[in-house]
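Asks: What follows is target-v2.txt, compact mmCIF, C-alpha atoms.
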```
# COMPACT_ATOMS: atom_id res chain seq x y z
CA MET A 1182 133.41 123.93 93.72
CA ASN A 1183 136.90 122.43 94.10
CA ARG A 1184 139.52 123.39 96.68
CA HIS A 1185 141.13 125.94 94.35
CA ASP A 1186 137.87 127.87 94.03
CA MET A 1187 137.22 128.06 97.77
CA THR A 1188 136.82 131.57 99.06
CA ASP A 1189 136.36 133.00 102.53
CA GLU A 1190 132.94 134.24 101.50
CA ARG A 1191 131.95 130.71 100.51
CA ILE A 1192 133.12 129.37 103.86
CA PHE A 1193 130.93 131.88 105.69
CA GLU A 1194 128.01 130.76 103.52
CA LEU A 1195 128.66 127.12 104.37
CA ILE A 1196 128.87 127.84 108.11
CA ASP A 1197 125.67 129.85 107.83
CA ALA A 1198 123.82 126.97 106.17
CA TYR A 1199 125.34 123.83 107.66
CA GLY A 1200 126.75 124.89 111.03
CA ALA A 1201 130.19 124.56 112.55
CA ASP A 1202 130.93 120.92 111.77
CA PRO A 1203 132.67 120.49 108.40
CA HIS A 1204 131.27 116.94 108.25
CA ALA A 1205 127.92 118.56 107.51
CA PHE A 1206 129.29 120.50 104.53
CA PRO A 1207 128.90 119.22 100.97
CA GLU A 1208 131.45 116.47 100.51
CA ALA A 1209 133.09 118.10 97.50
CA GLU A 1210 133.97 121.21 99.52
CA ARG A 1211 135.03 119.72 102.85
CA ASP A 1212 138.75 119.36 102.26
CA ALA A 1213 139.15 122.86 100.90
CA VAL A 1214 137.21 124.29 103.83
CA ARG A 1215 139.29 122.39 106.40
CA LYS A 1216 142.49 123.62 104.78
CA ARG A 1217 141.39 127.25 104.85
CA LEU A 1218 140.06 127.00 108.43
CA ALA A 1219 143.44 125.70 109.53
CA GLU A 1220 145.20 128.52 107.72
CA ALA A 1221 143.12 131.34 109.26
CA PRO A 1222 141.29 130.09 112.36
CA GLY A 1223 140.74 133.54 113.83
CA LEU A 1224 138.96 134.78 110.74
CA PHE A 1225 136.11 132.28 111.15
CA ALA A 1226 136.10 131.89 114.95
CA ALA A 1227 133.10 134.11 115.67
CA ALA A 1228 130.97 132.59 112.91
CA LEU A 1229 131.91 129.08 114.02
CA GLU A 1230 131.10 129.85 117.65
CA GLN A 1231 127.69 131.24 116.77
CA ALA A 1232 126.93 128.22 114.59
CA ARG A 1233 128.20 125.80 117.23
CA SER A 1234 125.81 127.22 119.79
CA LEU A 1235 122.82 126.34 117.59
CA ASP A 1236 124.34 122.97 116.64
CA THR A 1237 124.59 122.09 120.32
CA MET A 1238 120.97 122.96 120.99
CA LEU A 1239 119.77 120.94 117.98
CA ALA A 1240 121.92 117.97 119.01
CA ARG A 1241 120.24 117.91 122.42
CA LEU A 1242 116.81 117.27 120.95
CA PRO A 1243 115.72 113.72 121.74
CA GLU A 1244 114.62 111.46 118.92
CA PRO A 1245 110.86 110.90 119.12
CA ALA A 1246 110.21 107.28 120.09
CA MET A 1247 108.12 104.95 117.98
CA PRO A 1248 105.19 103.63 120.09
CA GLU A 1249 104.98 99.83 120.11
CA ALA A 1250 101.22 99.94 119.43
CA LEU A 1251 101.80 102.01 116.30
CA ARG A 1252 104.53 99.62 115.14
CA ALA A 1253 102.19 96.66 115.66
CA SER A 1254 99.38 98.38 113.81
CA ILE A 1255 101.63 99.15 110.83
CA LEU A 1256 102.94 95.58 110.72
CA ALA A 1257 99.41 94.16 110.91
CA ALA A 1258 98.65 95.97 107.66
CA ALA A 1259 101.78 94.71 105.87
CA PRO A 1260 101.40 92.47 102.81
CA GLN A 1261 100.46 88.88 103.70
CA ALA A 1262 101.91 85.77 102.07
CA PRO A 1263 99.43 83.92 99.84
CA LYS A 1264 97.91 80.95 101.69
CA PRO A 1265 99.14 77.50 100.52
CA ALA A 1266 96.63 75.37 98.54
CA ALA A 1267 94.64 73.04 100.80
CA THR A 1268 95.10 69.27 100.33
CA GLY A 1269 92.76 66.29 100.77
CA LEU A 1270 89.00 66.22 100.21
CA ARG A 1271 88.49 69.70 101.65
CA GLY A 1272 91.20 71.04 99.42
CA ARG A 1273 89.76 69.41 96.29
CA LEU A 1274 86.26 70.64 97.10
CA PHE A 1275 86.99 74.07 98.48
CA GLY A 1276 90.70 74.70 98.02
CA ARG A 1277 90.31 77.54 95.54
CA LEU A 1278 87.40 79.16 97.29
CA PRO A 1279 87.63 81.83 99.94
CA ASN A 1280 87.30 80.45 103.47
CA TRP A 1281 83.88 81.96 104.01
CA ILE A 1282 82.26 79.98 101.18
CA PRO A 1283 82.76 76.44 102.61
CA ALA A 1284 81.90 77.77 106.05
CA GLY A 1285 78.71 79.27 104.64
CA ALA A 1286 77.82 76.03 102.91
CA VAL A 1287 78.21 74.04 106.13
CA ALA A 1288 76.18 76.61 108.05
CA SER A 1289 73.40 76.47 105.43
CA LEU A 1290 73.33 72.67 105.60
CA ALA A 1291 73.10 72.72 109.37
CA MET A 1292 70.34 75.32 109.27
CA GLY A 1293 68.38 73.26 106.70
CA LEU A 1294 68.60 70.11 108.81
CA LEU A 1295 67.52 71.98 111.91
CA ILE A 1296 64.50 73.48 110.20
CA GLY A 1297 63.62 70.15 108.55
CA VAL A 1298 63.64 68.25 111.83
CA ASN A 1299 61.63 70.84 113.72
CA VAL A 1300 59.07 71.71 111.09
CA SER A 1301 58.36 68.22 109.61
CA VAL A 1302 54.88 66.74 110.24
CA PRO A 1303 54.70 63.73 112.60
CA ALA A 1304 54.13 60.40 110.76
CA SER A 1305 50.77 59.74 112.41
CA MET A 1306 49.41 63.02 111.12
CA ALA A 1307 50.92 62.59 107.68
CA THR A 1308 48.99 59.51 106.48
CA ALA A 1309 45.91 61.30 105.13
CA SER A 1310 47.86 64.04 103.47
CA THR A 1311 50.25 61.46 101.97
CA ASP A 1312 47.28 59.62 100.39
CA ASP A 1313 46.00 62.92 98.99
CA ALA A 1314 49.36 63.69 97.54
CA ASP A 1315 49.60 60.24 95.93
CA THR A 1316 46.18 60.75 94.35
CA VAL A 1317 47.26 63.98 92.82
CA MET A 1318 50.46 62.43 91.53
CA TYR A 1319 48.78 59.44 89.89
CA ALA A 1320 46.07 61.63 88.41
CA ALA A 1321 48.83 63.60 86.79
CA LEU A 1322 50.19 60.36 85.34
CA GLY A 1323 46.84 59.62 83.70
CA PHE A 1324 45.15 57.29 86.19
CA ASP A 1325 41.65 58.45 87.07
CA ASP A 1326 41.17 56.24 90.06
CA TYR A 1327 43.96 55.78 92.51
CA SER A 1328 42.18 52.84 94.14
CA LEU A 1329 42.54 50.86 90.89
CA ILE A 1330 46.25 51.16 91.12
CA ASN A 1331 46.19 49.87 94.66
CA GLU A 1332 43.98 46.96 93.66
CA GLY A 1333 46.30 46.06 90.82
CA MET A 1334 49.21 46.06 93.12
CA GLU A 1335 47.51 43.75 95.58
CA MET B 421 125.13 98.45 100.97
CA ALA B 422 121.89 99.73 102.42
CA PHE B 423 120.34 100.10 98.98
CA THR B 424 120.84 96.43 98.03
CA SER B 425 119.71 95.39 101.46
CA ASP B 426 116.62 97.56 101.15
CA LEU B 427 115.73 95.98 97.82
CA ASP B 428 116.06 92.50 99.23
CA GLN B 429 113.86 93.36 102.18
CA ILE B 430 111.34 95.12 99.95
CA THR B 431 111.06 92.06 97.72
CA ARG B 432 110.55 89.78 100.69
CA ALA B 433 108.10 92.15 102.40
CA ALA B 434 106.08 92.40 99.19
CA ALA B 435 105.86 88.59 99.17
CA GLY B 436 104.43 88.67 102.67
CA ASP B 437 107.52 87.98 104.77
CA PRO B 438 106.67 89.56 108.16
CA SER B 439 110.30 89.74 109.28
CA ALA B 440 111.19 91.81 106.21
CA ALA B 441 108.28 94.17 106.88
CA ALA B 442 109.44 94.51 110.48
CA TRP B 443 112.98 95.23 109.27
CA LEU B 444 111.72 98.08 107.07
CA VAL B 445 109.58 99.53 109.84
CA ASP B 446 112.36 99.34 112.42
CA ARG B 447 114.87 100.87 110.04
CA TYR B 448 112.78 103.77 108.75
CA SER B 449 110.00 104.54 111.20
CA PRO B 450 112.24 106.51 113.63
CA GLY B 451 113.19 108.89 110.84
CA ILE B 452 109.63 109.21 109.61
CA ILE B 453 108.09 109.87 113.01
CA GLY B 454 110.96 112.24 113.80
CA LEU B 455 110.43 114.22 110.61
CA ALA B 456 106.66 114.40 111.17
CA THR B 457 107.03 115.39 114.82
CA ARG B 458 109.44 118.22 114.00
CA MET B 459 107.32 119.42 111.10
CA LEU B 460 103.97 119.33 112.87
CA GLY B 461 104.88 119.87 116.52
CA ASP B 462 102.08 117.45 117.36
CA ARG B 463 102.71 113.89 118.46
CA THR B 464 99.31 112.46 117.50
CA GLU B 465 99.38 113.92 114.02
CA ALA B 466 102.95 112.71 113.60
CA GLU B 467 101.87 109.17 114.45
CA ASP B 468 99.02 109.42 111.93
CA VAL B 469 101.49 110.53 109.27
CA THR B 470 103.83 107.65 110.13
CA GLN B 471 101.04 105.11 109.86
CA GLU B 472 99.71 106.50 106.59
CA THR B 473 103.22 106.62 105.13
CA PHE B 474 103.76 102.92 105.76
CA LEU B 475 100.29 101.97 104.58
CA ARG B 476 101.13 103.65 101.29
CA ALA B 477 104.45 101.85 101.25
CA TRP B 478 102.77 98.47 101.70
CA LYS B 479 100.51 99.23 98.74
CA ALA B 480 103.47 100.31 96.62
CA LEU B 481 105.72 97.34 97.39
CA PRO B 482 104.35 94.85 94.82
CA ASP B 483 105.11 97.27 91.99
CA TRP B 484 108.31 98.66 93.48
CA GLU B 485 110.72 100.03 90.90
CA PRO B 486 114.22 98.76 91.87
CA ARG B 487 115.87 102.00 90.75
CA ALA B 488 113.93 104.06 93.28
CA LYS B 489 115.43 104.58 96.72
CA PHE B 490 113.01 103.43 99.38
CA SER B 491 114.25 105.83 102.05
CA THR B 492 113.86 108.87 99.80
CA TRP B 493 110.43 107.78 98.62
CA LEU B 494 109.23 107.11 102.15
CA HIS B 495 110.44 110.46 103.49
CA ARG B 496 108.91 112.26 100.51
CA VAL B 497 105.52 110.66 101.18
CA ALA B 498 105.73 111.61 104.85
CA LEU B 499 106.79 115.15 104.02
CA ASN B 500 103.91 115.63 101.59
CA LEU B 501 101.46 114.33 104.18
CA CYS B 502 102.89 116.88 106.63
CA TYR B 503 102.48 119.64 104.05
CA ASP B 504 98.85 118.60 103.60
CA ILE B 505 98.18 118.82 107.33
CA LEU B 506 99.91 122.19 107.61
CA ARG B 507 97.92 123.48 104.63
CA LYS B 508 94.69 122.31 106.23
CA ARG B 509 95.64 124.03 109.47
CA ARG B 510 96.11 127.29 107.61
CA GLU B 511 92.75 126.88 105.89
CA ASP B 512 91.04 126.11 109.18
CA LEU B 513 92.62 129.07 110.95
CA PRO B 514 93.06 131.79 108.33
CA GLY B 515 95.36 134.51 109.53
CA GLU B 516 96.34 132.67 112.67
CA LEU B 517 99.70 131.07 113.27
CA PRO B 518 99.91 127.96 115.44
CA ASP B 519 100.77 128.91 118.98
CA LEU B 520 103.08 126.06 119.83
CA ALA B 521 105.06 127.75 122.59
CA ASP B 522 104.87 130.78 124.80
CA PRO B 523 106.98 133.36 123.02
CA ALA B 524 107.25 135.52 126.11
CA PRO B 525 110.86 136.00 127.19
CA THR B 526 111.84 133.94 130.19
CA PRO B 527 115.05 134.28 132.16
CA PRO B 528 117.44 131.55 130.97
CA GLU B 529 118.02 130.25 134.47
CA GLN B 530 114.30 129.49 134.77
CA LEU B 531 114.26 127.34 131.69
CA ALA B 532 114.70 123.74 132.73
CA GLN B 533 116.14 121.32 130.22
CA GLY B 534 112.73 119.91 129.31
CA GLU B 535 111.39 123.39 128.66
CA ARG B 536 114.42 124.22 126.54
CA VAL B 537 113.83 121.14 124.43
CA ARG B 538 110.15 122.01 124.01
CA ALA B 539 111.06 125.59 123.11
CA ILE B 540 113.50 124.43 120.43
CA GLU B 541 110.98 121.93 119.06
CA ALA B 542 108.35 124.65 118.95
CA ALA B 543 110.74 127.04 117.21
CA ILE B 544 111.41 124.41 114.52
CA ALA B 545 107.71 123.72 114.06
CA ASP B 546 107.12 127.47 113.78
CA LEU B 547 109.51 127.77 110.84
CA PRO B 548 108.10 128.05 107.33
CA GLU B 549 107.43 124.44 106.33
CA ARG B 550 110.21 124.03 103.79
CA GLN B 551 112.77 125.51 106.17
CA ALA B 552 111.56 123.15 108.90
CA ALA B 553 111.90 120.22 106.52
CA ALA B 554 115.39 121.25 105.46
CA ILE B 555 116.75 121.72 108.99
CA THR B 556 115.15 118.48 110.19
CA LEU B 557 116.45 116.38 107.32
CA CYS B 558 119.99 117.80 107.33
CA ALA B 559 120.79 119.06 110.82
CA LEU B 560 118.73 116.62 112.90
CA GLN B 561 118.64 113.48 110.80
CA GLY B 562 121.97 113.73 109.00
CA HIS B 563 120.73 113.24 105.45
CA SER B 564 123.22 114.30 102.80
CA GLN B 565 122.51 117.42 100.75
CA ALA B 566 121.69 115.31 97.69
CA GLU B 567 119.35 113.06 99.65
CA ALA B 568 117.54 115.90 101.40
CA ALA B 569 117.18 117.82 98.15
CA SER B 570 115.76 114.72 96.49
CA ILE B 571 113.27 114.17 99.31
CA MET B 572 112.18 117.80 99.07
CA GLU B 573 112.18 117.70 95.26
CA THR B 574 114.39 120.75 95.04
CA SER B 575 117.97 121.61 94.05
CA GLU B 576 120.91 121.43 96.42
CA GLU B 577 121.40 125.19 96.00
CA ALA B 578 117.81 125.86 97.05
CA LEU B 579 118.24 123.48 99.97
CA GLU B 580 121.31 125.38 101.13
CA SER B 581 119.39 128.64 101.01
CA LEU B 582 116.54 127.11 103.04
CA LEU B 583 119.01 125.82 105.62
CA ALA B 584 120.69 129.19 106.00
CA ARG B 585 117.36 130.98 106.45
CA ALA B 586 116.16 128.32 108.89
CA ARG B 587 119.26 128.64 111.06
CA ARG B 588 119.06 132.44 111.09
CA THR B 589 115.39 132.35 112.05
CA LEU B 590 116.02 129.77 114.76
CA ARG B 591 118.85 131.81 116.26
CA THR B 592 116.65 134.89 116.37
CA THR B 593 113.61 133.07 117.74
CA LEU B 594 115.54 131.22 120.41
CA ALA B 595 117.31 134.39 121.49
CA GLU B 596 113.93 136.14 121.79
CA ARG B 597 112.62 133.26 123.88
CA SER B 598 115.78 133.30 126.02
CA VAL B 599 116.67 129.78 125.01
CA ALA B 600 119.90 130.53 123.20
```
Before we go any further, please render this structure as structure tokens.
Replies:
Amino acid sequence: MNRHDMTDERIFELIDAYGADPHAFPEAERDAVRKRLAEAPGLFAAALEQARSLDTMLARLPEPAMPEALRASILAAAPQAPKPAATGLRGRLFGRLPNWIPAGAVASLAMGLLIGVNVSVPASMATASTDDADTVMYAALGFDDYSLINEGME
Amino acid sequence: MAFTSDLDQITRAAAGDPSAAAWLVDRYSPGIIGLATRMLGDRTEAEDVTQETFLRAWKALPDWEPRAKFSTWLHRVALNLCYDILRKRREDLPGELPDLADPAPTPPEQLAQGERVRAIEAAIADLPERQAAAITLCALQGHSQAEAASIMETSEEALESLLARARRTLRTTLAERSVA
């Protein structure tokens, strides 16, 4: 609606919907409304006063504050920059793997060493079983008598 | 040029720039939590809506369409989340309206400023949801008619009608509660 189409009825509608401040009216109609309000202030005074009363109450409402903890929580979930490729030996070995994979490998290695050290048989107790194992191995290679091998070696 | 600035910050935030993400949150979270608080009349639920709105934004950033307006999109997401909560409230309490404020008339002189504010907030939250959205977006947050209509996915004519009905209802309600 341009300024030439503005009617008193339309101004009452605008006050009813947007309140008393012409800044709140649709931009295309503001100038025409201001002109008509200046021409006949008394005609719209009661409607403007009623609207202004509600405008004032609404303007007094405080803006709800944003809690810092909520802000921090939202930012913690924001997109993260991709991590730069690792350099050096670690980078060449594990650079493209997720962090937990190298860590898991190191943990597995440590666990294996720990179990190996604690569970291994003392050397003094291992002699007989080592001889038995050698017998089995040489038998598998086709030698019937392990002692012959030992003699040959001496 | 807020739009250009938004796009720049969106691009940087999508690439993981924390300062750009903080810029978006600081710029838009007051409006989002304000809208949700006015719509729901419940601070905790409003904070949940604010958080969920930004979580959805973070997911959307990598595929952000430059033609879309971030502010409008964000407010629309928040508004739809509010509608969902209000719908669930109605389903949970069929036939009951939320009792957000004592509607009993009180002499105006007994209403302290804090009580007046709470009474007005309650009256807004008591409005039909689309009227509450319209009055919050336009009268409280200063969005233009076009912007508010876009957020609400309606026409500017329909928005104007919602605003007029909202203001009439508020005047009546506040007069009944001796706030006006």
Asks: Quick one, how far is CA of Pro450 in chain B from CA of Arg463 in chain B?
Replies: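 If I compute the distance from CA of Pro450 in chain B to CA of Arg463 in chain B, I get 13.0 Å.
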Asks: To one decimal place in Å, what is the distance between CA of Leu506 in chain B and CA of Cys558 in chain B?
Replies: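 Atom-to-atom, CA of Leu506 in chain B and CA of Cys558 in chain B are spaced 20.6 Å apart.
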Asks: Using all atoms listed in the file, select each residue of chain B with any atom at most 8 Å away from an atom of chain A, and give the selection as a PDB file with C-alpha atoms, in the coordinates of the input.
Replies:
```
ATOM      1  CA  ALA B 433     108.100  92.150 102.400  1.00  0.00           C
ATOM      2  CA  ALA B 434     106.080  92.400  99.190  1.00  0.00           C
ATOM      3  CA  ALA B 435     105.860  88.590  99.170  1.00  0.00           C
ATOM      4  CA  GLY B 436     104.430  88.670 102.670  1.00  0.00           C
ATOM      5  CA  ASP B 437     107.520  87.980 104.770  1.00  0.00           C
ATOM      6  CA  PRO B 438     106.670  89.560 108.160  1.00  0.00           C
ATOM      7  CA  ALA B 441     108.280  94.170 106.880  1.00  0.00           C
ATOM      8  CA  ALA B 442     109.440  94.510 110.480  1.00  0.00           C
ATOM      9  CA  VAL B 445     109.580  99.530 109.840  1.00  0.00           C
ATOM     10  CA  SER B 449     110.000 104.540 111.200  1.00  0.00           C
ATOM     11  CA  PRO B 450     112.240 106.510 113.630  1.00  0.00           C
ATOM     12  CA  ILE B 453     108.090 109.870 113.010  1.00  0.00           C
ATOM     13  CA  GLY B 454     110.960 112.240 113.800  1.00  0.00           C
ATOM     14  CA  THR B 457     107.030 115.390 114.820  1.00  0.00           C
ATOM     15  CA  GLU B 467     101.870 109.170 114.450  1.00  0.00           C
ATOM     16  CA  GLN B 471     101.040 105.110 109.860  1.00  0.00           C
ATOM     17  CA  PHE B 474     103.760 102.920 105.760  1.00  0.00           C
ATOM     18  CA  LEU B 475     100.290 101.970 104.580  1.00  0.00           C
ATOM     19  CA  TRP B 478     102.770  98.470 101.700  1.00  0.00           C
ATOM     20  CA  LYS B 479     100.510  99.230  98.740  1.00  0.00           C
ATOM     21  CA  VAL B 537     113.830 121.140 124.430  1.00  0.00           C
ATOM     22  CA  ILE B 540     113.500 124.430 120.430  1.00  0.00           C
ATOM     23  CA  GLU B 541     110.980 121.930 119.060  1.00  0.00           C
ATOM     24  CA  CYS B 558     119.990 117.800 107.330  1.00  0.00           C
ATOM     25  CA  ALA B 559     120.790 119.060 110.820  1.00  0.00           C
ATOM     26  CA  LEU B 560     118.730 116.620 112.900  1.00  0.00           C
ATOM     27  CA  GLY B 562     121.970 113.730 109.000  1.00  0.00           C
ATOM     28  CA  SER B 564     123.220 114.300 102.800  1.00  0.00           C
ATOM     29  CA  GLN B 565     122.510 117.420 100.750  1.00  0.00           C
ATOM     30  CA  GLU B 580     121.310 125.380 101.130  1.00  0.00           C
ATOM     31  CA  SER B 581     119.390 128.640 101.010  1.00  0.00           C
ATOM     32  CA  LEU B 582     116.540 127.110 103.040  1.00  0.00           C
ATOM     33  CA  LEU B 583     119.010 125.820 105.620  1.00  0.00           C
ATOM     34  CA  ALA B 584     120.690 129.190 106.000  1.00  0.00           C
ATOM     35  CA  ARG B 585     117.360 130.980 106.450  1.00  0.00           C
ATOM     36  CA  ARG B 587     119.260 128.640 111.060  1.00  0.00           C
ATOM     37  CA  ARG B 588     119.060 132.440 111.090  1.00  0.00           C
ATOM     38  CA  ARG B 591     118.850 131.810 116.260  1.00  0.00           C
ATOM     39  CA  ALA B 600     119.900 130.530 123.200  1.00  0.00           C
TER      40      ALA B 600
END
```
Asks: Find the distance between CA of Pro1222 in chain A and CA of Thr1237 in chain A and write it in Å to one decimal.
Replies: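 CA of Thr1237 in chain A lies 20.2 Å from CA of Pro1222 in chain A.
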Asks: Any idea what's packed within 8 Å of range 547-557 of chain B, counting all atoms listed in the file, ignoring anything in its chain fewer than 4 positions away? Could you give it as a PyMOL selection string?
Replies: chain B and resi 455+458-459+499+503+506+543+561-563+568+572+579+582-583+585-587+589-590
Asks: Identify which of the residues B:Ala578, B:Cys502, B:Leu594, B:Val497 lies closest to Ala539 in chain B, counting only C-alpha atoms when measuring atom-to-atom distances.
Replies: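 Under the stated criterion, the closest residue is B:Leu594.
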Asks: Can you pull out the residues contacting Asp428 in chain B? Cut-off 12 Å, using all atoms listed in the file, and skip same-chain residues under 3 positions away; I want them as JSON, numbers by chain.
Replies: {"B": [421, 422, 423, 424, 425, 431, 432, 433, 434, 435, 437, 439, 440, 441, 443, 444, 481, 484, 486, 490]}
Asks: May I have the residues within 9 Å of Arg496 in chain B as a list in words, using only C-alpha atoms and disregarding those fewer than 3 positions away in the same chain?
Replies: Ser491, Thr492, Trp493, Leu499, Asn500, Leu501, Ser570, Ile571, Met572 and Glu573 of chain B
Asks: Where atoms are missing, can you supply N, CA and C atoms for range 1193-1205 of chain A and output the lot as a PDB file, keeping the file's coordinate frame?
Replies:
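Result written to selection_18.pdb:
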```pdb
ATOM      1  N   PHE A1193     131.957 131.268 104.833  1.00  0.00           N
ATOM      2  CA  PHE A1193     130.930 131.880 105.690  1.00  0.00           C
ATOM      3  C   PHE A1193     129.523 131.395 105.284  1.00  0.00           C
ATOM      4  N   GLU A1194     129.315 131.267 103.993  1.00  0.00           N
ATOM      5  CA  GLU A1194     128.010 130.760 103.520  1.00  0.00           C
ATOM      6  C   GLU A1194     127.760 129.337 104.019  1.00  0.00           C
ATOM      7  N   LEU A1195     128.816 128.525 103.937  1.00  0.00           N
ATOM      8  CA  LEU A1195     128.660 127.120 104.370  1.00  0.00           C
ATOM      9  C   LEU A1195     128.389 127.043 105.869  1.00  0.00           C
ATOM     10  N   ILE A1196     129.095 127.842 106.652  1.00  0.00           N
ATOM     11  CA  ILE A1196     128.870 127.840 108.110  1.00  0.00           C
ATOM     12  C   ILE A1196     127.442 128.317 108.399  1.00  0.00           C
ATOM     13  N   ASP A1197     127.018 129.300 107.655  1.00  0.00           N
ATOM     14  CA  ASP A1197     125.670 129.850 107.830  1.00  0.00           C
ATOM     15  C   ASP A1197     124.591 128.802 107.566  1.00  0.00           C
ATOM     16  N   ALA A1198     124.844 127.945 106.567  1.00  0.00           N
ATOM     17  CA  ALA A1198     123.820 126.970 106.170  1.00  0.00           C
ATOM     18  C   ALA A1198     123.940 125.649 106.925  1.00  0.00           C
ATOM     19  N   TYR A1199     125.173 125.192 107.144  1.00  0.00           N
ATOM     20  CA  TYR A1199     125.340 123.830 107.660  1.00  0.00           C
ATOM     21  C   TYR A1199     125.864 123.764 109.090  1.00  0.00           C
ATOM     22  N   GLY A1200     126.255 124.903 109.658  1.00  0.00           N
ATOM     23  CA  GLY A1200     126.750 124.890 111.030  1.00  0.00           C
ATOM     24  C   GLY A1200     128.255 124.806 111.097  1.00  0.00           C
ATOM     25  N   ALA A1201     128.744 124.468 112.293  1.00  0.00           N
ATOM     26  CA  ALA A1201     130.190 124.560 112.550  1.00  0.00           C
ATOM     27  C   ALA A1201     130.952 123.291 112.184  1.00  0.00           C
ATOM     28  N   ASP A1202     130.247 122.186 112.009  1.00  0.00           N
ATOM     29  CA  ASP A1202     130.930 120.920 111.770  1.00  0.00           C
ATOM     30  C   ASP A1202     131.154 120.701 110.269  1.00  0.00           C
ATOM     31  N   PRO A1203     132.427 120.685 109.842  1.00  0.00           N
ATOM     32  CA  PRO A1203     132.670 120.490 108.400  1.00  0.00           C
ATOM     33  C   PRO A1203     132.124 119.172 107.859  1.00  0.00           C
ATOM     34  N   HIS A1204     131.874 118.195 108.728  1.00  0.00           N
ATOM     35  CA  HIS A1204     131.270 116.940 108.250  1.00  0.00           C
ATOM     36  C   HIS A1204     129.908 117.176 107.617  1.00  0.00           C
ATOM     37  N   ALA A1205     129.255 118.260 108.046  1.00  0.00           N
ATOM     38  CA  ALA A1205     127.920 118.560 107.510  1.00  0.00           C
ATOM     39  C   ALA A1205     127.981 119.296 106.181  1.00  0.00           C
TER      40      ALA A1205
END
```
